[in-house]
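Written out below as structure tokens is the structure these notes cover.
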Amino acid sequence: MKRYGKKLVAAVVAFGIFASLAGGPVSGSADEIYRDLGGHWGRATVEWGAKLGIVNGFPDGSFRPDDKVTQSQFVTMLLRAFPKSGVRSAVSGDWYKPYYDNAVSRQWPVSLEQRDTAQTRGDAARIVAAAQGKLLGVDAAVQYLLDTGLAKGKTSATLSGFGKNDAVTRAEAVQFIKNALDSKMQLSDSAQAAKVQKDREYVIRGISLGMSEKDVKAALGQPNRIDASEYGFQWYIYNKDYSKYVQVGVQNGEVVGLYSNSNNWTSKSGIKVGMGADDARRKSGFALDSILKGNTRYLVPQTGEFDLFLQDGAYVTLFYDKHEDMKVTAVQVIEEQTELAKEGFYGTSSDAIGRSYELQIFDLANAVRVRMGLKPFAWDDKPAGTARKHAVDMAERDFFEHTNPDGANVGDRLETDQIAYRLAGENIAAGQTSAIFAHEGWMNSEGHRKNVLGDFERLGVGVAFGGRYHVYYAQNFYTPF
């Protein structure tokens, strides 16, 4: 069936870069003036930190104030600034592990995999905000610290003057913590942080925005596949059991996106699969008709197929099924700053993202089929190749039809590729901003829906970028002899 392109604003958001610091604590006298401080601007602050046991120098008597601080070092400094946390370096093994265990229990945005990465000022702001029970993206965390006096800007006390992408030096890290303590910052306990996480509006299979990658794997295991996304984060795909299908967006060790079209998610306000659109809207608040990114305002199409809301620091898209009395059929939740950071209308395009879209469209079709009591399709590379060539052809020759300019239709294309079939069908789409929006659009079009829920045995999917619609999608369904 034909599906003409339509531009949709995707509700996807990406957190800022997550950095970390390397190197463990070493002994040093609290009264010691490190040999390399001299006239350094941070000398008094470093000495303050050393006297309180927040920082240590190196065995050679240096402090190395201008070295970049790693995430593990910053987390250690911050927790040491609050003796009541009770955290101490490990006697044996990895010295930083007790600090990470404590930070994870408090829902801080940290990851052992990032422990040796240079900490940015923006990521440091996120950790300090989390220490106050605020699970925020980079920009929101920076603004929170500036508004509450927990931090100062680098060139000015503004978002642009904060220098969020600049690396934090060891001396700057101590100053960062001193500013927070001078502002009477109090460390929130793990119970409060856990409550903040538990109170997130949407939870899918126990996963919500702001959780760590470690927590995701502890709850769901290793992902069955990892896909690239147009937002720069990675989709962790859990498709082993289609009745529990979920996509978890992970950026630098933290959950920044969620999607599911299975009946496996909950909402604090009671929204769920099967709820009527009117009830869902009343519970969700004001539906957006546009998103302002910088100086550009992107209109949200008012098709009735979905609504976009700004809730709980995230852009939430609720998808409705027109063929099931406008009931909720799927949800996508993307952290606010990730959506605002996406460049342009479509975000990033690449061959890797195209292949990810192909596999996701296959998974989404199977997830909705299983939800409706149908047998899932088997993937087939041959019709996938046929579909991909048609998508490329539409992009390169600037047409959008099942029959190409040479008069060949889907049956002709399958036969040309030596695919013998007893039954065959095709869906095409163009202009949708992701595999998710292409799939949900097909499900709201009667002919396309019949194919997705039809009696075919196999499915191949092709995606190509280019042309007037930017992206073209094709599904080839068939049953062999």
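If you're wondering about the labels, chains in the structure tokens are A, B, ... by order shown, residues count from 1 in each chain, ligands from 1 in order shown.
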Report as a Markdown table: every residue of region 258-288 of chain A with an atom at most 12 Å from region 208-212 of chain A, its closest pair of atoms, and their distance in Å to one decimal, counting only C-alpha atoms, with rows sorted by chain and ascending residue number.
```
| residue | atom | partner | partner_atom | distance |
| --- | --- | --- | --- | --- |
| A:Leu258 | CA | A:Ser208 | CA | 7.6 |
| A:Tyr259 | CA | A:Ser208 | CA | 10.6 |
| A:Trp265 | CA | A:Ser208 | CA | 10.0 |
| A:Thr266 | CA | A:Ser208 | CA | 10.3 |
| A:Ser267 | CA | A:Ser208 | CA | 10.5 |
| A:Lys268 | CA | A:Ser208 | CA | 11.6 |
```
Self-check item: Spatial neighbours of region 332-335 of chain A, max dist 10 Å, only C-alpha atoms, sep filter under 5 positions, as a PyMOL selection string
Solution: chain A and resi 10-15+136-137+201-204+208-210+247-249+255-261+308-319+340+436
Write a file of the selected residues as a compact mmCIF listing (two decimals), in the first residue's frame, keeping N, CA, C and O atoms.
```txt
# COMPACT_ATOMS: atom_id res chain seq x y z
N ALA A 10 9.97 14.04 16.14
CA ALA A 10 10.16 12.92 17.05
C ALA A 10 10.39 13.42 18.45
O ALA A 10 11.03 14.44 18.66
N ALA A 11 9.87 12.69 19.45
CA ALA A 11 10.06 13.09 20.84
C ALA A 11 11.22 12.33 21.43
O ALA A 11 11.05 11.44 22.23
N VAL A 12 12.40 12.68 21.03
CA VAL A 12 13.59 11.98 21.51
C VAL A 12 14.58 13.00 22.04
O VAL A 12 14.74 14.05 21.47
N VAL A 13 15.23 12.64 23.13
CA VAL A 13 16.12 13.59 23.77
C VAL A 13 17.44 12.94 24.18
O VAL A 13 17.43 11.81 24.56
N ALA A 14 18.60 13.64 24.14
CA ALA A 14 19.87 13.03 24.52
C ALA A 14 20.58 13.78 25.62
O ALA A 14 20.61 14.98 25.60
N PHE A 15 21.10 13.08 26.61
CA PHE A 15 21.84 13.72 27.69
C PHE A 15 23.19 14.20 27.16
O PHE A 15 23.68 13.77 26.15
N LEU A 136 18.96 15.38 36.25
CA LEU A 136 18.78 16.34 35.18
C LEU A 136 19.76 16.12 34.05
O LEU A 136 20.82 15.52 34.24
N GLY A 137 19.41 16.65 32.87
CA GLY A 137 20.35 16.69 31.77
C GLY A 137 21.38 17.78 32.03
O GLY A 137 21.30 18.53 33.00
N GLU A 201 7.50 9.54 35.77
CA GLU A 201 6.16 9.34 35.22
C GLU A 201 6.02 8.00 34.49
O GLU A 201 5.04 7.28 34.66
N TYR A 202 7.01 7.66 33.67
CA TYR A 202 6.91 6.43 32.87
C TYR A 202 8.00 5.44 33.24
O TYR A 202 9.17 5.82 33.37
N VAL A 203 7.61 4.20 33.41
CA VAL A 203 8.53 3.11 33.73
C VAL A 203 8.22 1.94 32.80
O VAL A 203 7.06 1.50 32.72
N ILE A 204 9.21 1.46 32.08
CA ILE A 204 9.04 0.33 31.18
C ILE A 204 9.91 -0.82 31.66
O ILE A 204 11.13 -0.70 31.72
N SER A 208 13.50 3.51 33.90
CA SER A 208 13.04 4.87 33.68
C SER A 208 14.23 5.76 33.35
O SER A 208 15.38 5.37 33.51
N LEU A 209 13.93 6.97 32.87
CA LEU A 209 14.99 7.91 32.54
C LEU A 209 15.88 8.18 33.75
O LEU A 209 15.40 8.24 34.88
N GLY A 210 17.16 8.35 33.48
CA GLY A 210 18.09 8.69 34.55
C GLY A 210 18.76 7.48 35.19
O GLY A 210 19.74 7.65 35.91
N GLN A 247 12.82 -0.71 23.79
CA GLN A 247 14.05 -0.05 23.35
C GLN A 247 14.45 0.92 24.45
O GLN A 247 13.65 1.74 24.89
N VAL A 248 15.70 0.79 24.90
CA VAL A 248 16.23 1.66 25.96
C VAL A 248 17.35 2.50 25.36
O VAL A 248 18.37 1.97 24.93
N GLY A 249 17.18 3.80 25.32
CA GLY A 249 18.19 4.70 24.80
C GLY A 249 19.24 4.99 25.86
O GLY A 249 18.90 5.46 26.94
N VAL A 255 20.32 6.17 31.00
CA VAL A 255 19.11 6.04 30.18
C VAL A 255 18.58 7.42 29.82
O VAL A 255 18.30 8.24 30.69
N VAL A 256 18.45 7.67 28.50
CA VAL A 256 17.93 8.95 28.02
C VAL A 256 16.71 8.79 27.13
O VAL A 256 16.12 9.79 26.72
N GLY A 257 16.32 7.55 26.82
CA GLY A 257 15.17 7.34 25.97
C GLY A 257 14.54 5.98 26.20
O GLY A 257 15.22 5.03 26.60
N LEU A 258 13.24 5.89 25.97
CA LEU A 258 12.49 4.64 26.11
C LEU A 258 11.42 4.57 25.03
O LEU A 258 10.85 5.59 24.65
N TYR A 259 11.15 3.37 24.57
CA TYR A 259 10.02 3.14 23.66
C TYR A 259 9.51 1.72 23.84
O TYR A 259 10.30 0.79 24.02
N SER A 260 8.20 1.56 23.77
CA SER A 260 7.61 0.23 23.74
C SER A 260 6.23 0.29 23.11
O SER A 260 5.47 1.23 23.37
N ASN A 261 5.93 -0.70 22.28
CA ASN A 261 4.56 -0.89 21.79
C ASN A 261 3.99 -2.20 22.32
O ASN A 261 3.03 -2.74 21.77
N LEU A 308 2.20 14.87 21.59
CA LEU A 308 3.50 15.11 22.21
C LEU A 308 3.31 15.98 23.44
O LEU A 308 2.67 17.04 23.37
N PHE A 309 3.86 15.55 24.56
CA PHE A 309 3.74 16.27 25.82
C PHE A 309 5.14 16.50 26.40
O PHE A 309 6.05 15.71 26.17
N LEU A 310 5.27 17.57 27.18
CA LEU A 310 6.48 17.80 27.96
C LEU A 310 6.14 17.51 29.41
O LEU A 310 5.41 18.26 30.05
N GLN A 311 6.63 16.38 29.91
CA GLN A 311 6.32 15.92 31.26
C GLN A 311 7.58 15.44 31.96
O GLN A 311 8.41 14.75 31.36
N ASP A 312 7.70 15.78 33.23
CA ASP A 312 8.73 15.17 34.07
C ASP A 312 10.12 15.30 33.44
O ASP A 312 10.92 14.36 33.47
N GLY A 313 10.41 16.45 32.81
CA GLY A 313 11.71 16.66 32.19
C GLY A 313 11.94 15.84 30.95
O GLY A 313 13.09 15.56 30.59
N ALA A 314 10.87 15.44 30.26
CA ALA A 314 11.02 14.60 29.07
C ALA A 314 9.92 14.94 28.06
O ALA A 314 8.84 15.40 28.41
N TYR A 315 10.24 14.69 26.79
CA TYR A 315 9.24 14.77 25.74
C TYR A 315 8.62 13.38 25.59
O TYR A 315 9.32 12.41 25.31
N VAL A 316 7.32 13.31 25.80
CA VAL A 316 6.59 12.04 25.79
C VAL A 316 5.65 12.02 24.58
O VAL A 316 4.82 12.93 24.41
N THR A 317 5.79 11.01 23.75
CA THR A 317 4.87 10.80 22.64
C THR A 317 3.96 9.62 22.95
O THR A 317 4.45 8.52 23.19
N LEU A 318 2.67 9.88 22.97
CA LEU A 318 1.68 8.81 23.09
C LEU A 318 1.10 8.55 21.71
O LEU A 318 0.58 9.46 21.06
N PHE A 319 1.22 7.31 21.25
CA PHE A 319 0.69 6.91 19.95
C PHE A 319 -0.69 6.29 20.14
O PHE A 319 -0.90 5.52 21.08
N LEU A 340 16.14 18.66 22.46
CA LEU A 340 16.53 20.02 22.10
C LEU A 340 17.92 20.06 21.47
O LEU A 340 18.23 20.99 20.72
N ILE A 436 10.30 4.21 14.30
CA ILE A 436 9.14 4.19 15.19
C ILE A 436 7.97 4.93 14.56
O ILE A 436 6.84 4.42 14.53
```
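Note that the spacing between CA of Leu453 (chain A) and CA of Gln234 (chain A) amounts to 28.5 Å.
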Quiz item: Which of region 66-161 of chain A counts as alpha helix (DSSP H) under DSSP, as a PyMOL selection string please?
Solution: chain A and resi 71-80+97-105+121-131+138-148
Restrict the selected residues to N, CA and C atoms and save them as a CSV table (one decimal), in the first residue's frame.
```csv
chain,number,residue,atom,x,y,z
A,71,GLN,N,36.3,11.0,36.3
A,71,GLN,CA,35.0,10.8,37.0
A,71,GLN,C,35.2,10.1,38.3
A,72,SER,N,36.1,9.1,38.4
A,72,SER,CA,36.3,8.4,39.6
A,72,SER,C,36.9,9.3,40.7
A,73,GLN,N,37.8,10.2,40.3
A,73,GLN,CA,38.4,11.2,41.2
A,73,GLN,C,37.3,12.2,41.7
A,74,PHE,N,36.5,12.7,40.7
A,74,PHE,CA,35.5,13.7,41.1
A,74,PHE,C,34.5,13.1,42.1
A,75,VAL,N,34.0,11.9,41.8
A,75,VAL,CA,33.0,11.2,42.6
A,75,VAL,C,33.6,11.0,44.0
A,76,THR,N,34.9,10.6,44.1
A,76,THR,CA,35.6,10.4,45.3
A,76,THR,C,35.7,11.7,46.1
A,77,MET,N,36.1,12.8,45.5
A,77,MET,CA,36.2,14.1,46.1
A,77,MET,C,34.9,14.5,46.7
A,78,LEU,N,33.8,14.4,45.9
A,78,LEU,CA,32.5,14.9,46.4
A,78,LEU,C,32.0,14.1,47.6
A,79,LEU,N,32.2,12.8,47.5
A,79,LEU,CA,31.7,12.0,48.7
A,79,LEU,C,32.6,12.2,49.9
A,80,ARG,N,33.9,12.4,49.7
A,80,ARG,CA,34.7,12.7,50.8
A,80,ARG,C,34.4,14.1,51.5
A,97,LYS,N,35.9,1.6,44.0
A,97,LYS,CA,34.6,0.9,43.9
A,97,LYS,C,33.6,1.2,45.0
A,98,PRO,N,34.1,1.4,46.3
A,98,PRO,CA,33.1,1.8,47.3
A,98,PRO,C,32.4,3.1,47.0
A,99,TYR,N,33.2,4.1,46.4
A,99,TYR,CA,32.6,5.4,46.0
A,99,TYR,C,31.5,5.2,44.9
A,100,TYR,N,31.9,4.3,43.9
A,100,TYR,CA,30.9,4.1,42.9
A,100,TYR,C,29.6,3.4,43.4
A,101,ASP,N,29.8,2.4,44.2
A,101,ASP,CA,28.7,1.7,44.8
A,101,ASP,C,27.8,2.7,45.5
A,102,ASN,N,28.4,3.6,46.3
A,102,ASN,CA,27.5,4.6,47.0
A,102,ASN,C,26.9,5.5,46.1
A,103,ALA,N,27.6,6.0,45.0
A,103,ALA,CA,27.0,6.9,44.1
A,103,ALA,C,25.9,6.3,43.3
A,104,VAL,N,26.0,5.0,42.9
A,104,VAL,CA,25.0,4.3,42.2
A,104,VAL,C,23.7,4.2,43.0
A,105,SER,N,24.0,3.9,44.3
A,105,SER,CA,22.8,3.7,45.2
A,105,SER,C,22.0,5.0,45.4
A,121,ARG,N,32.8,20.0,32.8
A,121,ARG,CA,32.1,20.9,33.8
A,121,ARG,C,30.6,20.5,33.7
A,122,GLY,N,30.0,20.3,32.6
A,122,GLY,CA,28.6,19.9,32.5
A,122,GLY,C,28.3,18.7,33.2
A,123,ASP,N,29.1,17.6,33.1
A,123,ASP,CA,28.9,16.4,33.7
A,123,ASP,C,29.1,16.5,35.2
A,124,ALA,N,30.1,17.3,35.6
A,124,ALA,CA,30.2,17.5,37.0
A,124,ALA,C,29.0,18.2,37.6
A,125,ALA,N,28.4,19.1,36.9
A,125,ALA,CA,27.1,19.7,37.3
A,125,ALA,C,26.0,18.7,37.5
A,126,ARG,N,26.0,17.7,36.6
A,126,ARG,CA,24.9,16.7,36.7
A,126,ARG,C,25.1,15.9,37.9
A,127,ILE,N,26.4,15.6,38.3
A,127,ILE,CA,26.6,14.8,39.5
A,127,ILE,C,26.3,15.6,40.7
A,128,VAL,N,26.6,16.8,40.7
A,128,VAL,CA,26.3,17.7,41.9
A,128,VAL,C,24.8,17.8,42.1
A,129,ALA,N,24.1,18.0,40.9
A,129,ALA,CA,22.7,18.1,41.0
A,129,ALA,C,22.0,16.8,41.5
A,130,ALA,N,22.6,15.7,41.0
A,130,ALA,CA,22.1,14.4,41.5
A,130,ALA,C,22.3,14.2,43.0
A,131,ALA,N,23.4,14.8,43.5
A,131,ALA,CA,23.7,14.7,44.9
A,131,ALA,C,22.6,15.5,45.7
A,138,VAL,N,22.4,17.9,31.1
A,138,VAL,CA,23.5,18.8,31.4
A,138,VAL,C,23.0,20.3,31.5
A,139,ASP,N,22.3,20.8,30.5
A,139,ASP,CA,21.8,22.2,30.6
A,139,ASP,C,21.0,22.5,31.8
A,140,ALA,N,20.0,21.6,32.1
A,140,ALA,CA,19.2,21.7,33.2
A,140,ALA,C,20.0,21.7,34.5
A,141,ALA,N,21.0,20.8,34.6
A,141,ALA,CA,21.8,20.7,35.8
A,141,ALA,C,22.6,22.0,36.0
A,142,VAL,N,23.2,22.5,34.9
A,142,VAL,CA,24.0,23.7,35.0
A,142,VAL,C,23.1,24.8,35.5
A,143,GLN,N,21.9,25.0,34.9
A,143,GLN,CA,21.0,26.1,35.3
A,143,GLN,C,20.6,25.9,36.7
A,144,TYR,N,20.4,24.7,37.2
A,144,TYR,CA,20.0,24.5,38.6
A,144,TYR,C,21.1,24.9,39.5
A,145,LEU,N,22.3,24.6,39.2
A,145,LEU,CA,23.5,24.9,40.1
A,145,LEU,C,23.6,26.4,40.1
A,146,LEU,N,23.5,27.1,38.9
A,146,LEU,CA,23.6,28.5,38.9
A,146,LEU,C,22.5,29.2,39.7
A,147,ASP,N,21.3,28.7,39.5
A,147,ASP,CA,20.1,29.3,40.2
A,147,ASP,C,20.2,29.2,41.7
A,148,THR,N,20.8,28.1,42.2
A,148,THR,CA,20.8,27.8,43.6
A,148,THR,C,22.1,28.3,44.3
```
Quiz prompt | Spatial neighbours of Gln475 (chain A), 7 Å, only C-alpha atoms, chain gap at least 4 places, as a PyMOL selection string | solution = chain A and resi 387+426-428+459-462
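Each of A:Val463, A:Ile291, A:Met372, A:Ile271 was compared to Arg355 (chain A) using only C-alpha atoms, and A:Val463 turns out to be the nearest.
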Self-check item: Contacts of region 408-423 of chain A at 10 Å (only C-alpha atoms; same-chain gap of 3+ positions) as a ChimeraX atom specification
Solution: /A:382-383,385-387,389-390,401-405,426-427,455-457,476-481
Quiz item: So which one's closest to Glu172 (chain A), A:Asp66, A:Glu47, A:Asp351, A:Asp363? Using only C-alpha atoms, please.
Solution: A:Asp66
